[in-house]
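Report on the structure given below.
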Amino acid sequence: MDAALQSFLQARAEEDGYGVADALSPYSPLGDPYRLYNFYRASNAQTIESDVRYTLKYSKISGLPRNESSAWTEIFVSYWKLAGEILARDDATNQGRPQRSGQMVDIYNAWKDLTNILIKYSANGYLPAWTVICLYKAGKYLRIFAIRADEELAKSPGNTSFNHGFQDDIVDPIAKNEKLEETARILNRMFSICLGDRNPIMDSRKWGTYYMANLQFKTYFKLKAISLSKNIIRSINAQNDLPELESFPKSHRVTFKYYVGVLAFLQENYTEAVKNLEEAWRECHVHAPKNQELILTYLIPCRLVSQHKSPTAELLSYYPRLQAIFGPLVACIKRGDLAGFDAALVAGEEQFVKRRIYLTLERCRDIALRNLLRKVFLAEGYEDLKEGQTEANRIRKTRIPIAKFAAAIRMGSGGDGLDEEEVECMIANQIYKGLLKGYISRERAMVVLGKKGAFPGTGV
Amino acid sequence: MTSRTTVLWRQVGQPSHAPAYNAVPARKTFTMPAEEQAAPASPPQPRKVDWPPPVREYVRRAFDPDYAVPGIEQEEMQIKLRQIITSFAEKEMLFDVDWANYPLPQTFIANKRRAAATRALASGSGINIGLSQSFSPLHITPQANHTNPTPANVNSPQHSKKRKSMDDTHAEQADQSIPPWRRANRNMLEDRITRDPKVKADKRAKKGVGLAGEIPSKFDQADLEKRKKRFGADKTSSASDSDSEMSTGPVIGTCQNLEKRYLRLTAPPKAEAVRPQHVLEKTLLLLKEKWKQEKNYNYICDQFKSLRQDLTVQHIKNAFTVSVYECHARIALEKGDLGEYNQCQTQLRALYSQKLGGHPEEFLAYRVLYYIYTCNQTDMNDLLAELTPADKAQAAVKHALDVRSSLALGNYHKFIQLYIIAPNMGAYLMDMFIERERLAALANIAKAYMSVTLRFLSDELGFESDPECAEFLQSRGAEQLFQSTESGYRVNIGQGKALFDQLRAAAFSKVDIKGQI
């Protein structure tokens, strides 16, 4: 037992949060593949508590306060039970047996017990604040185990869909994510403990706030309860004595900004979304291409729709997956190819919908249309030279028959089911959205464009 | 009376076995016509009357352990006792009853249980007067109610502060089917009020109704205990998982009435108050017919809710269930009751996922339109994510998706064309947002045109005639934009930019401001 707790005692003596957290890992470290096994074998259900208590009390390294000592005792007793569950699963895997049904749920429950004990002693102050790292670990694996446990439960038969209680309607529409929902509540408690910690700031759990917030975001997104994320942001904003976001670890910051950006994106607040996503993008680790890709997945549509800026070919070339989904779309927008745009949108629909960017990308059709109309405008050429005018300041033809725009639109789409009124409507929309300056004259069937800056921001 | 029957029915009758439920006060539903007025339940507190000696003797006998029936608890008996006495007191028949020979409350309860056990209909068995009076309110004419002030009315001054009078009258109405748990619920409410005599003392004194002192403390105590027990039971059973609740199994209804008022359940349903499927099928036909003829939505909605409830408690989940929900959803749509519609929609979604038949594509299309109405981008995205190519090929779904995309792109021209050809009842849903989209289109047109003919506007906005369109514009303060010319009316729409922008913003803010850039 002494040997098994050695790494913990060492880390505790050095007040090394990560070391302590590692001692509570549900997996054996690479350098010591039998750690979990050895720890589990070092005792049994009957004596584990006294073993741990004795070790903690008489170990040479530690001089733990009594409260803390009893807290760790309880934690390691719980960890020992968890080790048993993990080993049972590993045994099954190693021997090629199928996993016992309910194994994942048992692991989840054991880890949940451990987590709750950690929460309990963190909340009442028996554990020093730097052990917040243990809460990180607890939250991280709680979420992972919960997802697996839910998967396992979903497979097991006999989940009736009749609701209990006396509700009037027949079926319970709530998806079965029981464990993950429970996890969300536990994470929320951890978040509150961090956010509300009143220790002096240098020695406070407040530094764990954003880590916990990020875990909660992940969980809510997975649960499709995205709207709950707003509560987290709200409570963070309401906490006046929280240090500046900039003073938190970069990894916490980047993830947090990414989620704030995505949330703003989903609420169609594109200015806010661009701001946060760009910050996340700038600070994102160079060797984290997956994270970069995630950020760009939302940043690119944001900038397209709000600033009409498309990603460069070079940028996309670094991310083959993004190239595949955005490449064709962006090319069609640039060409003003409406039919191609529609086709690309349909082709990528599944991917887009999955990432919740479909509805935003759909609106980029306006830019494609603008580019097409602009081509018509350019093709119309110039008015005849008048007196005193030179080639340099020739005026473009600004009265363009609607029929010409209609023809341009039909060229791409084959022209089925598109009447003049609909073309007018499309042009009216462009004018309304400020993509085109001018007005429509129905009597002359003309679009009268502005003499200067008919297509704002495009140089003509 | 026999122990066999009591054991059989224990589960249903006794609170300690009851599954978790929330005792809720009667919900304020739609008020019903007067003939539905029901007999009021037992009064919460005894009235200030001198009980005749035979009645006192009767009460004494009821509490006498010699007459106790095994399996029937005293609380239950007390409720029944109060109910019996008050029902006679209300009709001022206390002196007409042969109390010495009148059956004791425990006898009634035992009879009822036995009756239920043999599947006889409680109201039809006619075993005794007390039961039929409380269970079949139809015997009591509205006049009787008016001439005899009910105890509840007498008491209303005390609890009018706690409950709105509307609720009170409603609660009385709602008691028409009087399953026993309703009465328990009422009592509990009254307890809550009388439990705190000190606080309310002066209020009562002012009103000259010194009730607190008259309540026999025994009653109070018993009720309190029962309350405690019930809440205790609540906790334990809600903590246990659903399987234990399931063990009571679905109810098998025995009620033969076609119509039934909706009451929110707060306790296990009674078989005699639940209609089995073959009755419900007739009910559905009746309701459809009534809806066609009378178009009384409040009535229909209420009936459908009780119909749905009966299906739920009997765990009936088949094609018939689907047809009930579909029918209710359509009627709700027709009346623009989107709250009720949404409930049905949610249920239908789950029912369709079990492939029970019905018209999934029709309601899928409605769901798309519904999300358009609520401007709910997140839900819309989730919905798009679950659509299969087969779904999208369905005409109605395709139509709804086209509506969605036309609005997303601001293509009001196409939108209006789709509005005109909406399949099924889609037009009812589209009616919910046609006005706001018309205003959006007007804001659009106002920026893009200087002046247009009225004819053009009527066409683009999908009005059936020019006058209709003109009226729409006028009612929104745009009359100064009209201009009469030789070739008909023109609208100087360009001058209405600010007006229509404002109207558009206001129309969208009602649901949600999002959805636009």
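Going through the structure tokens in order, the chains are called A, B, and so on, while each chain numbers its residues from 1 and the ligands are numbered from 1 in the order shown.
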
For chain B, which residues have at least one atom within 7 Å of chain A, if we go by only C-alpha atoms? Write them as a VMD selection string, please.
chain B and resid 20 to 21 242 245 265 to 266 308 to 309 312 347 350 381 384 to 385 408 to 414 444 to 445 447 to 449

Would you write out those residues with N, CA, C and O atoms, as a short mmCIF file (atom, residue, chain, number, x, y, z; two decimals), in the first residue's frame?
```cif
data_model
loop_
_atom_site.label_atom_id
_atom_site.label_comp_id
_atom_site.auth_asym_id
_atom_site.auth_seq_id
_atom_site.Cartn_x
_atom_site.Cartn_y
_atom_site.Cartn_z
N ALA B 20 -45.66 8.09 -6.96
CA ALA B 20 -45.40 9.52 -6.79
C ALA B 20 -46.34 10.35 -7.63
O ALA B 20 -46.64 10.03 -8.76
N TYR B 21 -46.83 11.38 -7.07
CA TYR B 21 -47.60 12.33 -7.88
C TYR B 21 -47.56 13.66 -7.20
O TYR B 21 -47.31 13.76 -5.99
N SER B 242 -38.53 4.02 -12.13
CA SER B 242 -39.85 3.96 -12.75
C SER B 242 -40.43 2.55 -12.74
O SER B 242 -41.63 2.37 -12.82
N GLU B 245 -43.04 1.89 -10.27
CA GLU B 245 -44.33 2.50 -10.58
C GLU B 245 -45.04 1.71 -11.67
O GLU B 245 -46.25 1.59 -11.68
N LEU B 265 -54.54 14.56 -13.77
CA LEU B 265 -54.40 13.48 -12.79
C LEU B 265 -53.40 13.87 -11.72
O LEU B 265 -52.35 14.41 -12.00
N THR B 266 -53.76 13.54 -10.49
CA THR B 266 -52.80 13.74 -9.42
C THR B 266 -52.64 12.45 -8.63
O THR B 266 -51.98 12.43 -7.61
N ARG B 308 -56.95 11.89 -24.65
CA ARG B 308 -55.52 11.58 -24.66
C ARG B 308 -55.09 11.00 -23.32
O ARG B 308 -54.28 10.08 -23.26
N GLN B 309 -55.66 11.57 -22.25
CA GLN B 309 -55.32 11.08 -20.92
C GLN B 309 -55.72 9.61 -20.75
O GLN B 309 -54.96 8.80 -20.23
N THR B 312 -53.34 7.42 -22.40
CA THR B 312 -52.06 7.33 -21.70
C THR B 312 -52.14 6.36 -20.54
O THR B 312 -51.28 5.49 -20.40
N GLN B 347 -45.77 14.79 -29.32
CA GLN B 347 -46.17 13.41 -29.12
C GLN B 347 -46.16 12.64 -30.43
O GLN B 347 -45.70 11.50 -30.49
N ALA B 350 -42.84 11.40 -31.53
CA ALA B 350 -42.40 10.17 -30.87
C ALA B 350 -43.18 8.96 -31.36
O ALA B 350 -42.63 7.88 -31.55
N ASN B 381 -32.35 23.68 -37.45
CA ASN B 381 -31.14 22.97 -37.85
C ASN B 381 -31.21 21.50 -37.44
O ASN B 381 -30.87 20.62 -38.22
N LEU B 384 -33.49 19.76 -39.83
CA LEU B 384 -32.86 19.51 -41.13
C LEU B 384 -31.90 18.34 -41.01
O LEU B 384 -31.77 17.54 -41.94
N ALA B 385 -31.27 18.25 -39.85
CA ALA B 385 -30.29 17.18 -39.66
C ALA B 385 -30.95 15.81 -39.70
O ALA B 385 -30.33 14.83 -40.07
N ALA B 408 -35.61 32.40 -46.10
CA ALA B 408 -34.20 32.60 -45.72
C ALA B 408 -33.51 33.51 -46.72
O ALA B 408 -32.65 34.30 -46.36
N LEU B 409 -33.91 33.41 -47.99
CA LEU B 409 -33.27 34.22 -49.02
C LEU B 409 -34.04 35.51 -49.28
O LEU B 409 -33.69 36.28 -50.17
N GLY B 410 -35.10 35.75 -48.55
CA GLY B 410 -35.87 36.97 -48.74
C GLY B 410 -36.67 36.98 -50.03
O GLY B 410 -37.06 38.04 -50.52
N ASN B 411 -36.91 35.81 -50.59
CA ASN B 411 -37.63 35.74 -51.86
C ASN B 411 -39.13 35.75 -51.60
O ASN B 411 -39.80 34.73 -51.63
N TYR B 412 -39.66 36.95 -51.36
CA TYR B 412 -41.08 37.04 -50.99
C TYR B 412 -41.99 36.63 -52.14
O TYR B 412 -43.08 36.12 -51.93
N HIS B 413 -41.54 36.82 -53.34
CA HIS B 413 -42.35 36.46 -54.50
C HIS B 413 -42.65 34.95 -54.49
O HIS B 413 -43.80 34.53 -54.58
N LYS B 414 -41.59 34.20 -54.32
CA LYS B 414 -41.76 32.75 -54.29
C LYS B 414 -42.56 32.33 -53.06
O LYS B 414 -43.40 31.44 -53.11
N ASN B 444 -38.95 45.69 -48.06
CA ASN B 444 -38.08 45.41 -49.19
C ASN B 444 -38.44 46.26 -50.40
O ASN B 444 -37.61 46.94 -50.99
N ILE B 445 -39.71 46.19 -50.74
CA ILE B 445 -40.20 46.89 -51.93
C ILE B 445 -40.02 48.40 -51.77
O ILE B 445 -39.65 49.10 -52.71
N LYS B 447 -37.77 49.96 -50.39
CA LYS B 447 -36.40 50.41 -50.65
C LYS B 447 -36.04 50.29 -52.13
O LYS B 447 -35.16 51.00 -52.61
N ALA B 448 -36.68 49.37 -52.81
CA ALA B 448 -36.25 49.07 -54.18
C ALA B 448 -37.04 49.83 -55.24
O ALA B 448 -36.59 49.94 -56.36
N TYR B 449 -38.23 50.28 -54.89
CA TYR B 449 -39.06 50.97 -55.88
C TYR B 449 -39.40 52.36 -55.37
O TYR B 449 -39.44 52.60 -54.17
#
```

Selection: 12 Å around segment 2-16 of chain A, only C-alpha atoms, excl. self and same-chain fewer than 5 positions, as an mmCIF file with N, CA, C and O atoms, in the first residue's frame:
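The resulting out.cif:
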```
data_model
loop_
_atom_site.group_PDB
_atom_site.id
_atom_site.type_symbol
_atom_site.label_atom_id
_atom_site.label_comp_id
_atom_site.auth_asym_id
_atom_site.auth_seq_id
_atom_site.Cartn_x
_atom_site.Cartn_y
_atom_site.Cartn_z
ATOM 1 N N ALA A 21 -3.343 14.719 -9.214
ATOM 2 C CA ALA A 21 -4.413 14.319 -10.125
ATOM 3 C C ALA A 21 -4.027 13.049 -10.872
ATOM 4 O O ALA A 21 -4.862 12.166 -11.082
ATOM 5 N N ASP A 22 -2.748 12.959 -11.242
ATOM 6 C CA ASP A 22 -2.301 11.758 -11.957
ATOM 7 C C ASP A 22 -2.451 10.519 -11.087
ATOM 8 O O ASP A 22 -2.738 9.431 -11.583
ATOM 9 N N ALA A 23 -2.234 10.712 -9.786
ATOM 10 C CA ALA A 23 -2.363 9.570 -8.883
ATOM 11 C C ALA A 23 -3.804 9.065 -8.837
ATOM 12 O O ALA A 23 -4.056 7.951 -8.402
ATOM 13 N N LEU A 24 -4.740 9.909 -9.273
ATOM 14 C CA LEU A 24 -6.147 9.493 -9.276
ATOM 15 C C LEU A 24 -6.642 9.183 -10.685
ATOM 16 O O LEU A 24 -7.834 9.176 -10.946
ATOM 17 N N SER A 25 -5.695 8.939 -11.584
ATOM 18 C CA SER A 25 -6.099 8.689 -12.965
ATOM 19 C C SER A 25 -6.788 7.332 -13.090
ATOM 20 O O SER A 25 -6.401 6.369 -12.435
ATOM 21 N N SER A 28 -3.579 3.490 -15.821
ATOM 22 C CA SER A 28 -2.194 3.437 -15.357
ATOM 23 C C SER A 28 -1.342 4.283 -16.285
ATOM 24 O O SER A 28 -1.567 4.291 -17.495
ATOM 25 N N PRO A 29 -0.353 4.993 -15.710
ATOM 26 C CA PRO A 29 0.511 5.800 -16.587
ATOM 27 C C PRO A 29 1.353 4.888 -17.473
ATOM 28 O O PRO A 29 1.573 3.720 -17.150
ATOM 29 N N ASP A 32 4.208 3.053 -15.978
ATOM 30 C CA ASP A 32 3.912 2.120 -14.878
ATOM 31 C C ASP A 32 2.600 1.403 -15.166
ATOM 32 O O ASP A 32 1.588 1.652 -14.525
ATOM 33 N N TYR A 34 1.249 -1.234 -14.557
ATOM 34 C CA TYR A 34 0.559 -2.079 -13.576
ATOM 35 C C TYR A 34 0.145 -1.322 -12.324
ATOM 36 O O TYR A 34 -0.166 -1.917 -11.316
ATOM 37 N N ARG A 35 0.203 0.011 -12.403
ATOM 38 C CA ARG A 35 -0.046 0.756 -11.182
ATOM 39 C C ARG A 35 -1.442 0.480 -10.620
ATOM 40 O O ARG A 35 -1.628 0.213 -9.443
ATOM 41 N N LEU A 36 -2.430 0.548 -11.522
ATOM 42 C CA LEU A 36 -3.811 0.352 -11.086
ATOM 43 C C LEU A 36 -3.977 -1.057 -10.493
ATOM 44 O O LEU A 36 -4.578 -1.243 -9.442
ATOM 45 N N TYR A 37 -3.372 -2.008 -11.195
ATOM 46 C CA TYR A 37 -3.465 -3.404 -10.761
ATOM 47 C C TYR A 37 -2.825 -3.585 -9.388
ATOM 48 O O TYR A 37 -3.406 -4.175 -8.479
ATOM 49 N N ASN A 38 -1.621 -3.019 -9.263
ATOM 50 C CA ASN A 38 -0.903 -3.172 -7.999
ATOM 51 C C ASN A 38 -1.665 -2.536 -6.849
ATOM 52 O O ASN A 38 -1.725 -3.083 -5.753
ATOM 53 N N PHE A 39 -2.215 -1.361 -7.144
ATOM 54 C CA PHE A 39 -2.964 -0.665 -6.097
ATOM 55 C C PHE A 39 -4.165 -1.498 -5.671
ATOM 56 O O PHE A 39 -4.446 -1.661 -4.491
ATOM 57 N N TYR A 40 -4.839 -2.053 -6.662
ATOM 58 C CA TYR A 40 -6.041 -2.832 -6.356
ATOM 59 C C TYR A 40 -5.682 -4.097 -5.573
ATOM 60 O O TYR A 40 -6.357 -4.462 -4.613
ATOM 61 N N ARG A 41 -4.574 -4.734 -5.961
ATOM 62 C CA ARG A 41 -4.167 -5.981 -5.322
ATOM 63 C C ARG A 41 -3.596 -5.748 -3.932
ATOM 64 O O ARG A 41 -3.467 -6.679 -3.147
ATOM 65 N N ALA A 42 -3.198 -4.520 -3.655
ATOM 66 C CA ALA A 42 -2.535 -4.244 -2.378
ATOM 67 C C ALA A 42 -3.491 -4.316 -1.200
ATOM 68 O O ALA A 42 -3.075 -4.251 -0.053
ATOM 69 N N SER A 43 -4.760 -4.419 -1.500
ATOM 70 C CA SER A 43 -5.698 -4.433 -0.379
ATOM 71 C C SER A 43 -6.958 -5.191 -0.778
ATOM 72 O O SER A 43 -7.029 -5.791 -1.851
ATOM 73 N N ASP A 51 -6.075 0.414 5.630
ATOM 74 C CA ASP A 51 -4.781 0.437 4.940
ATOM 75 C C ASP A 51 -4.411 1.845 4.524
ATOM 76 O O ASP A 51 -3.316 2.329 4.771
ATOM 77 N N VAL A 52 -5.372 2.490 3.850
ATOM 78 C CA VAL A 52 -5.081 3.835 3.345
ATOM 79 C C VAL A 52 -4.854 4.778 4.522
ATOM 80 O O VAL A 52 -3.899 5.563 4.531
ATOM 81 N N ARG A 53 -5.721 4.676 5.524
ATOM 82 C CA ARG A 53 -5.583 5.592 6.664
ATOM 83 C C ARG A 53 -4.211 5.438 7.324
ATOM 84 O O ARG A 53 -3.520 6.404 7.605
ATOM 85 N N TYR A 54 -3.830 4.193 7.496
ATOM 86 C CA TYR A 54 -2.539 3.914 8.145
ATOM 87 C C TYR A 54 -1.396 4.494 7.322
ATOM 88 O O TYR A 54 -0.501 5.158 7.836
ATOM 89 N N THR A 55 -1.457 4.239 6.017
ATOM 90 C CA THR A 55 -0.385 4.705 5.148
ATOM 91 C C THR A 55 -0.258 6.223 5.196
ATOM 92 O O THR A 55 0.837 6.782 5.284
ATOM 93 N N LEU A 56 -1.415 6.880 5.124
ATOM 94 C CA LEU A 56 -1.382 8.340 5.102
ATOM 95 C C LEU A 56 -0.876 8.879 6.440
ATOM 96 O O LEU A 56 -0.162 9.867 6.486
ATOM 97 N N LYS A 57 -1.215 8.183 7.499
ATOM 98 C CA LYS A 57 -0.876 8.683 8.828
ATOM 99 C C LYS A 57 0.611 8.519 9.123
ATOM 100 O O LYS A 57 1.266 9.430 9.643
ATOM 101 N N TYR A 58 1.146 7.383 8.762
ATOM 102 C CA TYR A 58 2.519 7.091 9.181
ATOM 103 C C TYR A 58 3.539 7.241 8.075
ATOM 104 O O TYR A 58 4.692 6.887 8.263
ATOM 105 N N SER A 59 3.108 7.723 6.930
ATOM 106 C CA SER A 59 4.094 7.894 5.872
ATOM 107 C C SER A 59 5.092 8.968 6.297
ATOM 108 O O SER A 59 4.757 9.923 6.999
ATOM 109 N N LYS A 60 6.329 8.784 5.877
ATOM 110 C CA LYS A 60 7.379 9.710 6.299
ATOM 111 C C LYS A 60 7.212 11.080 5.664
ATOM 112 O O LYS A 60 7.516 12.110 6.255
ATOM 113 N N ILE A 61 6.747 11.062 4.416
ATOM 114 C CA ILE A 61 6.726 12.325 3.679
ATOM 115 C C ILE A 61 5.651 13.259 4.196
ATOM 116 O O ILE A 61 5.863 14.431 4.413
ATOM 117 N N SER A 62 4.487 12.715 4.411
ATOM 118 C CA SER A 62 3.380 13.627 4.636
ATOM 119 C C SER A 62 3.244 13.982 6.096
ATOM 120 O O SER A 62 3.558 13.225 6.999
ATOM 121 N N GLY A 63 2.792 15.168 6.299
ATOM 122 C CA GLY A 63 2.364 15.558 7.637
ATOM 123 C C GLY A 63 1.023 16.214 7.456
ATOM 124 O O GLY A 63 0.875 17.408 7.639
ATOM 125 N N LEU A 64 0.094 15.393 7.028
ATOM 126 C CA LEU A 64 -1.195 15.948 6.610
ATOM 127 C C LEU A 64 -2.029 16.374 7.811
ATOM 128 O O LEU A 64 -2.033 15.696 8.838
ATOM 129 N N GLU A 68 -7.681 16.798 6.279
ATOM 130 C CA GLU A 68 -7.279 16.490 4.914
ATOM 131 C C GLU A 68 -6.971 15.004 4.792
ATOM 132 O O GLU A 68 -7.320 14.359 3.809
ATOM 133 N N SER A 69 -6.332 14.490 5.814
ATOM 134 C CA SER A 69 -5.978 13.078 5.795
ATOM 135 C C SER A 69 -7.231 12.212 5.660
ATOM 136 O O SER A 69 -7.273 11.278 4.860
ATOM 137 N N TRP A 72 -8.556 12.424 2.106
ATOM 138 C CA TRP A 72 -7.823 11.591 1.136
ATOM 139 C C TRP A 72 -8.121 10.113 1.340
ATOM 140 O O TRP A 72 -8.177 9.344 0.393
ATOM 141 N N THR A 73 -8.307 9.750 2.611
ATOM 142 C CA THR A 73 -8.630 8.349 2.872
ATOM 143 C C THR A 73 -9.899 7.967 2.124
ATOM 144 O O THR A 73 -9.943 6.979 1.391
ATOM 145 N N ILE A 75 -11.226 9.425 -0.379
ATOM 146 C CA ILE A 75 -11.016 9.504 -1.826
ATOM 147 C C ILE A 75 -10.347 8.236 -2.341
ATOM 148 O O ILE A 75 -10.776 7.657 -3.347
ATOM 149 N N PHE A 76 -9.310 7.784 -1.617
ATOM 150 C CA PHE A 76 -8.599 6.625 -2.138
ATOM 151 C C PHE A 76 -9.378 5.323 -1.953
ATOM 152 O O PHE A 76 -9.223 4.398 -2.743
ATOM 153 N N VAL A 77 -10.224 5.290 -0.928
ATOM 154 C CA VAL A 77 -11.083 4.110 -0.814
ATOM 155 C C VAL A 77 -11.992 4.040 -2.032
ATOM 156 O O VAL A 77 -12.186 2.990 -2.652
ATOM 157 N N TYR A 79 -11.410 5.435 -4.894
ATOM 158 C CA TYR A 79 -10.572 5.178 -6.061
ATOM 159 C C TYR A 79 -10.258 3.689 -6.178
ATOM 160 O O TYR A 79 -10.201 3.139 -7.284
ATOM 161 N N TRP A 80 -10.108 3.067 -5.040
ATOM 162 C CA TRP A 80 -9.822 1.621 -5.049
ATOM 163 C C TRP A 80 -10.992 0.851 -5.670
ATOM 164 O O TRP A 80 -10.811 -0.059 -6.466
ATOM 165 N N LEU A 127 -9.723 20.055 1.470
ATOM 166 C CA LEU A 127 -8.646 19.913 0.491
ATOM 167 C C LEU A 127 -8.137 21.305 0.138
ATOM 168 O O LEU A 127 -8.916 22.235 -0.014
ATOM 169 N N PRO A 128 -6.810 21.450 0.025
ATOM 170 C CA PRO A 128 -6.275 22.767 -0.364
ATOM 171 C C PRO A 128 -6.699 23.128 -1.788
ATOM 172 O O PRO A 128 -7.022 22.252 -2.603
ATOM 173 N N ALA A 129 -6.676 24.439 -2.084
ATOM 174 C CA ALA A 129 -7.224 24.916 -3.354
ATOM 175 C C ALA A 129 -6.462 24.380 -4.557
ATOM 176 O O ALA A 129 -7.046 24.189 -5.613
ATOM 177 N N TRP A 130 -5.166 24.139 -4.398
ATOM 178 C CA TRP A 130 -4.411 23.711 -5.584
ATOM 179 C C TRP A 130 -4.838 22.327 -6.062
ATOM 180 O O TRP A 130 -4.503 21.917 -7.170
ATOM 181 N N THR A 131 -5.602 21.616 -5.261
ATOM 182 C CA THR A 131 -6.071 20.308 -5.724
ATOM 183 C C THR A 131 -7.203 20.432 -6.747
ATOM 184 O O THR A 131 -7.782 19.441 -7.151
ATOM 185 N N VAL A 132 -7.505 21.687 -7.131
ATOM 186 C CA VAL A 132 -8.543 21.886 -8.139
ATOM 187 C C VAL A 132 -8.236 21.076 -9.397
ATOM 188 O O VAL A 132 -9.124 20.697 -10.157
ATOM 189 N N ILE A 133 -6.935 20.805 -9.597
ATOM 190 C CA ILE A 133 -6.531 20.002 -10.759
ATOM 191 C C ILE A 133 -7.224 18.625 -10.713
ATOM 192 O O ILE A 133 -7.579 18.055 -11.739
ATOM 193 N N CYS A 134 -7.408 18.122 -9.505
ATOM 194 C CA CYS A 134 -8.112 16.836 -9.373
ATOM 195 C C CYS A 134 -9.549 16.959 -9.878
ATOM 196 O O CYS A 134 -10.093 16.026 -10.478
ATOM 197 N N ASP A 203 -4.442 31.846 -4.329
ATOM 198 C CA ASP A 203 -4.610 30.470 -3.868
ATOM 199 C C ASP A 203 -6.102 30.132 -3.919
ATOM 200 O O ASP A 203 -6.716 29.831 -2.910
#
```

Would you list the contacts of Pro52 of chain B as a VMD selection string, taking every protein, DNA or RNA residue within 9 Å and counting only C-alpha atoms, but skipping same-chain residues closer than 5 positions in sequence?
chain B and resid 57 94 to 95

Go through B:Asp302, B:Asp310, B:Glu281, B:Asp66 and flag the residue nearest Pro268 of chain B, using only C-alpha atoms for the distances.
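Smallest distance to Pro268 of chain B is found for B:Asp310.
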
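Going from atom CA of Phe463 of chain B to atom CA of Lys292 of chain B covers 27.9 Å.
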
Shortest interatomic distance to Ile86 of chain A - which of A:Ile201, A:Leu242, A:Met104, A:Val274, counting only C-alpha atoms:
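Smallest distance to Ile86 of chain A is found for A:Met104.
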
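Proximity to Ile232 of chain A at 8 Å, evaluated using only C-alpha atoms and with sequence-adjacent residues fewer than 4 positions away removed, yields Ala213, Leu228 and Ile236 of chain A.
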
Check segment 2-232 of chain A with DSSP on the backbone and list each residue it calls helix (DSSP H, G or I), as a PyMOL selection string.
chain A and resi 6-13+17-23+35-41+48-58+66-94+103-123+129-155+178-195+201-203+205-222+226-232

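From atom CA of Cys284 of chain A back to atom CA of Leu304 of chain A, the distance works out to 21.2 Å.
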
Applying 9 Å and only C-alpha atoms, which residues near Gly488 of chain B remain after dropping the ones on its own chain fewer than 4 positions away? List them as a PyMOL selection string.
chain B and resi 453-455+483-484

Dump of C-alpha atoms for the selected residues, as a tab-separated table (two decimals), in the first residue's frame:
```tsv
chain	number	residue	atom	x	y	z
B	453	THR	CA	-49.29	50.06	-58.87
B	454	LEU	CA	-51.65	48.74	-56.28
B	455	ARG	CA	-52.22	45.78	-58.54
B	483	GLN	CA	-52.16	58.18	-55.40
B	484	SER	CA	-55.06	58.02	-57.80
```

What's the 9 Å shell around Leu284 of chain B, counting only C-alpha atoms, without same-chain residues fewer than 5 positions away, as a PyMOL selection string?
chain B and resi 258+279+289+304+307+324+327

Write out the residues from the selection above, keeping N, CA and C atoms, as a PDB file, in the first residue's frame.
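This is the output file again_18.pdb:
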```
ATOM      1  N   LEU B 258     -69.311   8.369 -23.374  1.00  0.00           N
ATOM      2  CA  LEU B 258     -68.550   8.835 -24.522  1.00  0.00           C
ATOM      3  C   LEU B 258     -67.797  10.110 -24.190  1.00  0.00           C
ATOM      4  N   VAL B 279     -64.604   2.275 -26.554  1.00  0.00           N
ATOM      5  CA  VAL B 279     -65.441   3.437 -26.256  1.00  0.00           C
ATOM      6  C   VAL B 279     -64.790   4.698 -26.822  1.00  0.00           C
ATOM      7  N   GLU B 289     -67.647  14.645 -35.317  1.00  0.00           N
ATOM      8  CA  GLU B 289     -68.968  15.085 -35.779  1.00  0.00           C
ATOM      9  C   GLU B 289     -69.358  16.401 -35.123  1.00  0.00           C
ATOM     10  N   PHE B 304     -60.711  16.340 -26.002  1.00  0.00           N
ATOM     11  CA  PHE B 304     -59.548  15.667 -26.577  1.00  0.00           C
ATOM     12  C   PHE B 304     -58.471  15.430 -25.529  1.00  0.00           C
ATOM     13  N   LEU B 307     -59.464  12.532 -23.629  1.00  0.00           N
ATOM     14  CA  LEU B 307     -59.290  11.363 -24.493  1.00  0.00           C
ATOM     15  C   LEU B 307     -57.832  10.921 -24.505  1.00  0.00           C
ATOM     16  N   VAL B 324     -55.863   9.967 -32.958  1.00  0.00           N
ATOM     17  CA  VAL B 324     -56.385  10.931 -31.984  1.00  0.00           C
ATOM     18  C   VAL B 324     -55.510  12.179 -31.970  1.00  0.00           C
ATOM     19  N   CYS B 327     -55.823  14.183 -35.114  1.00  0.00           N
ATOM     20  CA  CYS B 327     -57.088  14.906 -35.194  1.00  0.00           C
ATOM     21  C   CYS B 327     -57.052  16.136 -34.297  1.00  0.00           C
TER      22      CYS B 327
END
```
